[in-house]
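Source file: my_file_7.cif. Holds: mmCIF, C-alpha atoms and all ligand atoms.
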```
data_run
#
loop_
_atom_site.group_PDB
_atom_site.id
_atom_site.type_symbol
_atom_site.label_atom_id
_atom_site.label_comp_id
_atom_site.auth_asym_id
_atom_site.auth_seq_id
_atom_site.Cartn_x
_atom_site.Cartn_y
_atom_site.Cartn_z
ATOM 1 C CA MET A 1 0.000 0.000 0.000
ATOM 2 C CA GLU A 2 2.498 2.578 1.162
ATOM 3 C CA ASN A 3 6.146 2.331 2.045
ATOM 4 C CA LEU A 4 7.136 4.536 4.990
ATOM 5 C CA HIS A 5 10.812 3.557 5.105
ATOM 6 C CA ASP A 6 12.042 7.116 4.608
ATOM 7 C CA LYS A 7 9.578 8.727 6.995
ATOM 8 C CA ARG A 8 11.697 9.739 9.980
ATOM 9 C CA LYS A 9 12.413 12.836 11.960
ATOM 10 C CA VAL A 10 15.599 14.284 13.404
ATOM 11 C CA TYR A 11 15.177 14.700 17.172
ATOM 12 C CA GLU A 12 17.148 17.641 18.466
ATOM 13 C CA LYS A 13 14.978 19.729 20.761
ATOM 14 C CA SER A 14 16.357 18.849 24.163
ATOM 15 C CA GLN A 15 18.322 16.427 26.309
ATOM 16 C CA LEU A 16 17.872 14.401 29.481
ATOM 17 C CA ILE A 17 21.063 14.090 31.498
ATOM 18 C CA GLU A 18 21.717 12.813 34.982
ATOM 19 C CA SER A 19 23.072 16.122 36.316
ATOM 20 C CA GLU A 20 19.814 17.897 35.432
ATOM 21 C CA ILE A 21 17.129 15.397 36.429
ATOM 22 C CA LYS A 22 15.112 15.268 39.635
ATOM 23 C CA GLN A 23 15.802 12.426 42.077
ATOM 24 C CA ASN A 24 12.065 11.840 42.453
ATOM 25 C CA PRO A 25 10.254 10.797 39.247
ATOM 26 C CA ILE A 26 7.033 12.574 40.194
ATOM 27 C CA GLU A 27 8.996 15.820 40.355
ATOM 28 C CA GLN A 28 10.587 14.980 37.000
ATOM 29 C CA PHE A 29 7.092 14.245 35.671
ATOM 30 C CA ARG A 30 5.889 17.601 36.973
ATOM 31 C CA ASP A 31 8.725 19.437 35.166
ATOM 32 C CA TRP A 32 7.888 17.739 31.865
ATOM 33 C CA PHE A 33 4.135 17.896 32.330
ATOM 34 C CA LEU A 34 4.178 21.634 33.082
ATOM 35 C CA GLU A 35 6.303 22.225 30.017
ATOM 36 C CA ALA A 36 3.899 20.184 27.873
ATOM 37 C CA SER A 37 0.740 21.759 29.241
ATOM 38 C CA ASN A 38 2.126 25.284 28.890
ATOM 39 C CA SER A 39 3.368 24.623 25.372
ATOM 40 C CA PRO A 40 1.340 26.130 22.516
ATOM 41 C CA VAL A 41 2.357 23.184 20.300
ATOM 42 C CA VAL A 42 0.983 20.431 22.572
ATOM 43 C CA SER A 43 -2.751 19.865 22.661
ATOM 44 C CA GLU A 44 -4.310 17.758 25.438
ATOM 45 C CA ALA A 45 -1.032 17.276 27.302
ATOM 46 C CA ASN A 46 -2.991 15.250 29.854
ATOM 47 C CA ALA A 47 -4.137 12.632 27.328
ATOM 48 C CA MET A 48 -2.448 9.337 28.153
ATOM 49 C CA ALA A 49 -2.584 5.797 26.861
ATOM 50 C CA VAL A 50 -3.639 3.206 29.423
ATOM 51 C CA SER A 51 -2.798 -0.413 28.669
ATOM 52 C CA THR A 52 -4.385 -3.245 30.584
ATOM 53 C CA LEU A 53 -4.028 -6.981 30.303
ATOM 54 C CA GLU A 54 -6.990 -8.786 28.763
ATOM 55 C CA GLU A 55 -8.080 -12.331 29.515
ATOM 56 C CA ASP A 56 -6.568 -13.641 26.260
ATOM 57 C CA GLY A 57 -3.130 -12.455 27.425
ATOM 58 C CA CYS A 58 -3.038 -9.528 25.004
ATOM 59 C CA PRO A 59 -2.626 -5.970 26.338
ATOM 60 C CA ARG A 60 -5.230 -3.435 25.186
ATOM 61 C CA THR A 61 -4.570 0.302 25.052
ATOM 62 C CA ARG A 62 -6.897 3.289 24.990
ATOM 63 C CA MET A 63 -6.569 6.983 25.771
ATOM 64 C CA VAL A 64 -7.897 8.593 28.943
ATOM 65 C CA LEU A 65 -7.371 11.991 30.543
ATOM 66 C CA LEU A 66 -5.087 12.430 33.524
ATOM 67 C CA LYS A 67 -7.057 14.486 36.038
ATOM 68 C CA GLU A 68 -4.632 14.795 38.950
ATOM 69 C CA TYR A 69 -1.198 13.652 40.027
ATOM 70 C CA THR A 70 0.393 13.633 43.457
ATOM 71 C CA TYR A 71 3.453 12.001 45.032
ATOM 72 C CA GLU A 72 1.190 8.942 45.444
ATOM 73 C CA GLY A 73 0.171 8.534 41.826
ATOM 74 C CA PHE A 74 -1.810 9.438 38.733
ATOM 75 C CA ILE A 75 -5.615 9.735 38.810
ATOM 76 C CA PHE A 76 -8.080 9.217 35.972
ATOM 77 C CA TYR A 77 -11.822 8.606 35.864
ATOM 78 C CA THR A 78 -13.769 5.953 34.064
ATOM 79 C CA ASN A 79 -16.481 3.338 34.254
ATOM 80 C CA TYR A 80 -15.490 0.510 36.619
ATOM 81 C CA THR A 81 -17.488 -2.013 34.578
ATOM 82 C CA SER A 82 -15.945 -0.977 31.238
ATOM 83 C CA ARG A 83 -13.495 -3.282 29.510
ATOM 84 C CA LYS A 84 -10.535 -1.499 31.135
ATOM 85 C CA GLY A 85 -12.358 -1.421 34.486
ATOM 86 C CA LYS A 86 -12.857 -5.186 34.428
ATOM 87 C CA ALA A 87 -9.205 -5.764 33.503
ATOM 88 C CA ILE A 88 -8.020 -3.481 36.321
ATOM 89 C CA GLU A 89 -10.349 -5.042 38.886
ATOM 90 C CA LYS A 90 -8.837 -8.394 37.965
ATOM 91 C CA ASN A 91 -5.093 -7.742 38.010
ATOM 92 C CA HIS A 92 -4.752 -4.229 39.543
ATOM 93 C CA LYS A 93 -2.014 -3.200 37.138
ATOM 94 C CA ALA A 94 -1.719 -0.952 34.106
ATOM 95 C CA CYS A 95 0.862 0.778 31.972
ATOM 96 C CA LEU A 96 0.307 4.501 31.294
ATOM 97 C CA SER A 97 2.095 6.378 28.558
ATOM 98 C CA PHE A 98 2.363 9.921 27.347
ATOM 99 C CA PHE A 99 3.754 10.989 23.967
ATOM 100 C CA TRP A 100 4.289 14.664 23.243
ATOM 101 C CA PRO A 101 5.621 14.592 19.662
ATOM 102 C CA ASN A 102 6.410 18.288 19.437
ATOM 103 C CA LEU A 103 8.616 18.035 22.510
ATOM 104 C CA GLU A 104 10.080 14.713 21.276
ATOM 105 C CA ARG A 105 9.233 13.141 24.622
ATOM 106 C CA GLN A 106 7.664 9.933 25.846
ATOM 107 C CA ILE A 107 6.925 8.764 29.402
ATOM 108 C CA ILE A 108 6.059 5.160 30.291
ATOM 109 C CA ILE A 109 4.685 4.349 33.747
ATOM 110 C CA LYS A 110 4.057 0.903 35.228
ATOM 111 C CA ALA A 111 1.708 1.079 38.173
ATOM 112 C CA ASP A 112 -0.522 -0.678 40.687
ATOM 113 C CA LEU A 113 -4.079 0.620 40.491
ATOM 114 C CA GLU A 114 -6.700 1.193 43.158
ATOM 115 C CA ARG A 115 -10.090 2.859 43.193
ATOM 116 C CA ILE A 116 -9.929 6.255 44.871
ATOM 117 C CA ALA A 117 -12.214 6.995 47.849
ATOM 118 C CA GLU A 118 -15.919 7.336 46.980
ATOM 119 C CA ASN A 119 -16.101 10.894 48.315
ATOM 120 C CA LEU A 120 -13.275 11.942 45.957
ATOM 121 C CA SER A 121 -15.085 10.397 42.967
ATOM 122 C CA ASP A 122 -18.271 12.179 44.098
ATOM 123 C CA GLY A 123 -16.403 15.467 44.280
ATOM 124 C CA TYR A 124 -14.982 15.158 40.776
ATOM 125 C CA PHE A 125 -18.225 13.804 39.283
ATOM 126 C CA HIS A 126 -20.207 16.794 40.568
ATOM 127 C CA SER A 127 -17.579 19.253 39.383
ATOM 128 C CA ARG A 128 -18.214 18.177 35.766
ATOM 129 C CA PRO A 129 -20.753 19.948 33.532
ATOM 130 C CA LYS A 130 -24.230 18.471 33.965
ATOM 131 C CA GLY A 131 -24.196 17.160 30.386
ATOM 132 C CA SER A 132 -21.062 15.105 31.108
ATOM 133 C CA GLN A 133 -22.583 13.778 34.329
ATOM 134 C CA LEU A 134 -25.699 12.663 32.464
ATOM 135 C CA GLY A 135 -23.595 11.198 29.656
ATOM 136 C CA ALA A 136 -21.744 9.034 32.189
ATOM 137 C CA VAL A 137 -25.061 7.824 33.613
ATOM 138 C CA ALA A 138 -26.505 7.159 30.151
ATOM 139 C CA SER A 139 -23.576 5.196 28.739
ATOM 140 C CA PRO A 140 -23.054 1.520 29.602
ATOM 141 C CA GLN A 141 -19.412 1.981 28.618
ATOM 142 C CA SER A 142 -17.894 -0.837 26.520
ATOM 143 C CA GLN A 143 -21.185 -2.724 26.087
ATOM 144 C CA ALA A 144 -22.686 -3.319 22.658
ATOM 145 C CA ILE A 145 -25.713 -1.066 22.059
ATOM 146 C CA PRO A 146 -28.314 -1.298 19.305
ATOM 147 C CA ASN A 147 -27.713 2.148 17.758
ATOM 148 C CA ARG A 148 -26.925 5.814 18.527
ATOM 149 C CA GLU A 149 -30.593 6.634 19.194
ATOM 150 C CA PHE A 150 -30.462 4.256 22.181
ATOM 151 C CA LEU A 151 -28.038 6.665 23.899
ATOM 152 C CA GLU A 152 -29.771 9.830 22.748
ATOM 153 C CA GLU A 153 -33.116 8.638 24.063
ATOM 154 C CA LYS A 154 -31.558 7.608 27.344
ATOM 155 C CA LEU A 155 -29.948 11.031 27.660
ATOM 156 C CA LYS A 156 -33.241 12.789 26.888
ATOM 157 C CA ALA A 157 -35.052 10.800 29.577
ATOM 158 C CA LEU A 158 -32.291 11.535 32.093
ATOM 159 C CA GLU A 159 -32.349 15.261 31.264
ATOM 160 C CA LYS A 160 -36.054 15.249 32.148
ATOM 161 C CA GLU A 161 -35.568 13.191 35.296
ATOM 162 C CA TYR A 162 -32.800 15.458 36.579
ATOM 163 C CA GLU A 163 -34.103 18.773 35.256
ATOM 164 C CA THR A 164 -33.797 20.033 38.798
ATOM 165 C CA GLY A 165 -31.643 18.532 41.487
ATOM 166 C CA GLU A 166 -28.336 16.755 41.626
ATOM 167 C CA VAL A 167 -27.397 13.854 39.366
ATOM 168 C CA PRO A 168 -26.235 10.975 41.590
ATOM 169 C CA ARG A 169 -22.838 9.519 40.636
ATOM 170 C CA PRO A 170 -23.351 5.999 39.303
ATOM 171 C CA SER A 171 -21.697 3.528 41.698
ATOM 172 C CA ASN A 172 -19.787 2.014 38.744
ATOM 173 C CA TRP A 173 -18.195 5.326 37.731
ATOM 174 C CA GLY A 174 -15.204 6.826 39.519
ATOM 175 C CA GLY A 175 -11.491 7.337 39.755
ATOM 176 C CA TYR A 176 -8.487 5.089 39.794
ATOM 177 C CA ILE A 177 -5.138 6.053 41.208
ATOM 178 C CA ALA A 178 -2.169 4.480 39.435
ATOM 179 C CA LYS A 179 0.644 4.171 41.978
ATOM 180 C CA PRO A 180 3.887 3.955 39.989
ATOM 181 C CA TYR A 181 6.714 1.521 40.633
ATOM 182 C CA GLU A 182 8.590 2.241 37.397
ATOM 183 C CA ILE A 183 8.730 5.416 35.292
ATOM 184 C CA GLU A 184 10.797 5.880 32.141
ATOM 185 C CA PHE A 185 11.474 9.262 30.557
ATOM 186 C CA TRP A 186 12.505 9.264 26.873
ATOM 187 C CA GLN A 187 13.945 12.268 25.110
ATOM 188 C CA GLY A 188 14.604 12.078 21.369
ATOM 189 C CA ARG A 189 18.215 12.885 20.393
ATOM 190 C CA PRO A 190 20.119 13.027 17.083
ATOM 191 C CA ASN A 191 21.363 9.847 15.353
ATOM 192 C CA ARG A 192 18.917 7.663 17.276
ATOM 193 C CA LEU A 193 21.078 8.057 20.425
ATOM 194 C CA HIS A 194 18.038 8.991 22.462
ATOM 195 C CA ASP A 195 18.141 9.588 26.212
ATOM 196 C CA ARG A 196 16.277 7.076 28.365
ATOM 197 C CA ILE A 197 16.261 7.493 32.126
ATOM 198 C CA ILE A 198 14.335 4.940 34.178
ATOM 199 C CA TYR A 199 13.294 5.215 37.839
ATOM 200 C CA GLN A 200 12.516 1.959 39.636
ATOM 201 C CA LEU A 201 11.090 1.706 43.126
ATOM 202 C CA GLU A 202 13.267 -0.514 45.330
ATOM 203 C CA ASP A 203 12.717 -0.698 49.100
ATOM 204 C CA LEU A 204 10.834 2.621 49.028
ATOM 205 C CA ASP A 205 13.707 4.355 47.210
ATOM 206 C CA TRP A 206 13.833 5.328 43.558
ATOM 207 C CA LYS A 207 16.802 3.758 41.766
ATOM 208 C CA ILE A 208 17.823 5.704 38.649
ATOM 209 C CA SER A 209 19.420 4.102 35.587
ATOM 210 C CA ARG A 210 20.151 5.021 31.993
ATOM 211 C CA LEU A 211 18.949 2.625 29.296
ATOM 212 C CA ALA A 212 20.356 2.214 25.822
ATOM 213 C CA PRO A 213 18.026 3.728 23.225
HETATM 214 C C1 LIG B 301 -8.190 11.952 24.147
HETATM 215 C C2 LIG B 301 -9.146 10.962 24.758
HETATM 216 C C3 LIG B 301 -9.475 11.069 26.102
HETATM 217 C C4 LIG B 301 -10.321 10.142 26.711
HETATM 218 N N1 LIG B 301 -10.567 10.244 28.055
HETATM 219 C C5 LIG B 301 -11.278 9.281 28.690
HETATM 220 C C6 LIG B 301 -11.401 9.280 30.111
HETATM 221 O O1 LIG B 301 -10.856 10.141 30.827
HETATM 222 N N2 LIG B 301 -12.128 8.284 30.675
HETATM 223 C C7 LIG B 301 -12.711 7.293 29.932
HETATM 224 O O2 LIG B 301 -13.358 6.419 30.516
HETATM 225 N N3 LIG B 301 -12.606 7.252 28.587
HETATM 226 C C8 LIG B 301 -11.902 8.221 27.946
HETATM 227 N N4 LIG B 301 -11.755 8.191 26.575
HETATM 228 C C9 LIG B 301 -12.385 7.086 25.826
HETATM 229 C C10 LIG B 301 -11.513 5.831 25.942
HETATM 230 O O3 LIG B 301 -10.393 5.916 25.066
HETATM 231 C C11 LIG B 301 -12.279 4.518 25.666
HETATM 232 O O4 LIG B 301 -12.916 4.578 24.411
HETATM 233 C C12 LIG B 301 -13.349 4.221 26.727
HETATM 234 O O5 LIG B 301 -12.894 4.535 28.039
HETATM 235 C C13 LIG B 301 -13.749 2.754 26.693
HETATM 236 O O6 LIG B 301 -12.592 1.960 26.854
HETATM 237 P P1 LIG B 301 -12.628 0.394 27.212
HETATM 238 O O7 LIG B 301 -13.798 -0.200 26.472
HETATM 239 O O8 LIG B 301 -11.318 -0.134 26.751
HETATM 240 O O9 LIG B 301 -12.800 0.284 28.708
HETATM 241 C C14 LIG B 301 -10.910 9.103 25.942
HETATM 242 C C15 LIG B 301 -10.586 9.010 24.573
HETATM 243 C C16 LIG B 301 -9.721 9.916 23.994
HETATM 244 C C17 LIG B 301 -9.362 9.759 22.544
#
```

Kindly transcribe the structure held in the file into structure tokens.
Amino acid sequence: MENLHDKRKVYEKSQLIESEIKQNPIEQFRDWFLEASNSPVVSEANAMAVSTLEEDGCPRTRMVLLKEYTYEGFIFYTNYTSRKGKAIEKNHKACLSFFWPNLERQIIIKADLERIAENLSDGYFHSRPKGSQLGAVASPQSQAIPNREFLEEKLKALEKEYETGEVPRPSNWGGYIAKPYEIEFWQGRPNRLHDRIIYQLEDLDWKISRLAP
């Protein structure tokens, strides 16, 4: 169909060297994330790929939005009975990744996942626009549905039901916190000699190593 053999880019925007990095990967993440989210050439800096392990042994990846990060981990919101939700409930692990092409940067995070406290999910759910709240109630995420009208009719009925008053958060919708135990930062460099710095949690300390590109 199409040969892409000559489609490649020269990476030369920045570098990642031991004397300049943070000792804590969350602080390193914050440096890069702030740069990405303040950059006019990066849109949706908080969009990240989340890969989970499926029952057939194959990982499955989809994008979600990072909504908060702390020293403890990375928080996103979803439907707990979705395909990803079921995979997470089963093996409590996921791999998160960010790619900001215009900064020539990638971050890969391996993490243990837990549901956040119900009151925190309530707080975030009710901070969303009412339309998004109703959309979350209307959508049986990841299930097969007969057609688009099915959702639109459900939404219309819910809009009527909750014309006044608060929309209750569905019990199967909420946040996960991904608590990292490995974080790799990748910075594109010339001649394919990219910088890769990996932080690995060992006995509560972060061990830092450089990997060959
Ligand atoms: C940029 C982007 C952001 C998204 N953010 C979310 C999100 O925060 N939460 C979510 O459940 N789905 C989000 N989605 C939709 C998911 O990619 C996915 O379609 C949905 O969660 C169902 O996934 P699953 O069937 O694998 O569980 C987003 C999609 C894109 C492209």

- [ ] Considering only C-alpha atoms, state which residue in the set A:Leu158, A:Ala136, A:Ile198, A:Met63 is at the smallest distance from Asn172 in chain A.
- [x]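 Closest to Asn172 in chain A, using only C-alpha atoms: A:Ala136.
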
- [ ] Tell me which protein, DNA and RNA residues are within 10 Å of range 85-98 of chain A, counting all atoms listed in the file, leaving out same-chain ones fewer than 2 positions away, and put them as a ChimeraX atom specification.
- [x] /A:33,45-55,59-64,66,74,78-83,100-101,105-115,141-142,172-173,176,178-180,182-185

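Nearest-residue note for Gly135 in chain A: choosing from A:Leu193, A:Phe76, A:Glu159, A:Glu149, the minimum distance belongs to A:Glu159, counting only C-alpha atoms.
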
Open item on the list: Applying the PyMOL selection byres (((chain A and resi 199) around 12) and not hetatm) to the file I just gave you, which residues come out? Please list them as a ChimeraX atom specification.
Closed with: /A:18,21-29,107-110,180-186,196-198,200-202,204-211

Task: Best match for closeness to ligand LIG 301 (chain B) among A:Leu16, A:Leu155, A:Leu4, A:Leu65, counting all atoms listed in the file - done: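 Answer, going by the shortest atom-to-atom distance: A:Leu65.
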
Taking all atoms of ligand LIG 301 (chain B) that appear in the file, build a box with edges along x, y and z, extend it by 5 Å on every side, and state its centre and edge lengths in Å to one decimal, as lines of an AutoDock Vina configuration file.
```
center_x = -11.0
center_y = 5.9
center_z = 26.7
size_x = 15.6
size_y = 22.2
size_z = 18.3
```

Task: Residues selected by the PyMOL selection byres (((chain A and resi 134) around 12) and not hetatm), written as a ChimeraX atom specification - done: /A:125-126,128-133,135-140,151-163,166-170,173

Open item on the list: To one decimal place in Å, what is the distance between CA of Ile145 in chain A and CA of Ser121 in chain A?
Closed with: 26.1 Å

- [ ] Report the distance between CA of Lys13 in chain A and CA of Asn102 in chain A in Å, rounded to one decimal place.
- [x] 8.8 Å

- [ ] Rank A:Lys84, A:Phe150, A:Gly175, A:Leu103 by their smallest atom-to-atom distance to Lys67 in chain A, using all atoms listed in the file, and report the top residue only.
- [x]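 Counting all atoms listed in the file, the residue closest to Lys67 in chain A is A:Gly175.
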
TODO: Calculate how many Å separate CA of Gly165 in chain A from CA of Glu118 in chain A, rounding to one decimal.
DONE: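 These two atoms are separated by 20.1 Å.
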
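Nearest residue to ligand LIG 301 (chain B), choosing from A:Gly123, A:Pro190, A:Gly174, A:Pro40 and counting only C-alpha atoms and all ligand atoms: A:Gly174.
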
Task: Ser14 in chain A environment, 8 Å, all atoms listed in the file, sequence neighbours closer than 4 positions dropped, as a ChimeraX atom specification - done: /A:103,187-189

Taking N, CA and C atoms as the atom set, what does range 4-15 of chain A look like once completed, written as a short mmCIF file (atom, residue, chain, number, x, y, z; two decimals), in the coordinates of the input?
```cif
data_model
loop_
_atom_site.label_atom_id
_atom_site.label_comp_id
_atom_site.auth_asym_id
_atom_site.auth_seq_id
_atom_site.Cartn_x
_atom_site.Cartn_y
_atom_site.Cartn_z
N LEU A 4 6.81 3.38 4.13
CA LEU A 4 7.14 4.54 4.99
C LEU A 4 8.61 4.51 5.43
N HIS A 5 9.42 3.76 4.69
CA HIS A 5 10.81 3.56 5.11
C HIS A 5 11.59 4.86 5.30
N ASP A 6 11.26 5.87 4.51
CA ASP A 6 12.04 7.12 4.61
C ASP A 6 11.36 8.18 5.47
N LYS A 7 10.30 7.77 6.16
CA LYS A 7 9.58 8.73 7.00
C LYS A 7 10.22 8.73 8.38
N ARG A 8 11.09 9.64 8.66
CA ARG A 8 11.70 9.74 9.98
C ARG A 8 12.06 11.19 10.26
N LYS A 9 12.22 11.46 11.54
CA LYS A 9 12.41 12.84 11.96
C LYS A 9 13.75 12.93 12.70
N VAL A 10 14.38 14.08 12.61
CA VAL A 10 15.60 14.28 13.40
C VAL A 10 15.16 14.87 14.74
N TYR A 11 15.55 14.21 15.84
CA TYR A 11 15.18 14.70 17.17
C TYR A 11 16.32 15.53 17.72
N GLU A 12 16.03 16.77 18.05
CA GLU A 12 17.15 17.64 18.47
C GLU A 12 16.71 18.75 19.41
N LYS A 13 15.51 18.60 19.99
CA LYS A 13 14.98 19.73 20.76
C LYS A 13 15.57 19.87 22.15
N SER A 14 15.94 18.74 22.77
CA SER A 14 16.36 18.85 24.16
C SER A 14 17.23 17.67 24.55
N GLN A 15 17.52 17.55 25.83
CA GLN A 15 18.32 16.43 26.31
C GLN A 15 17.85 16.07 27.71
#
```
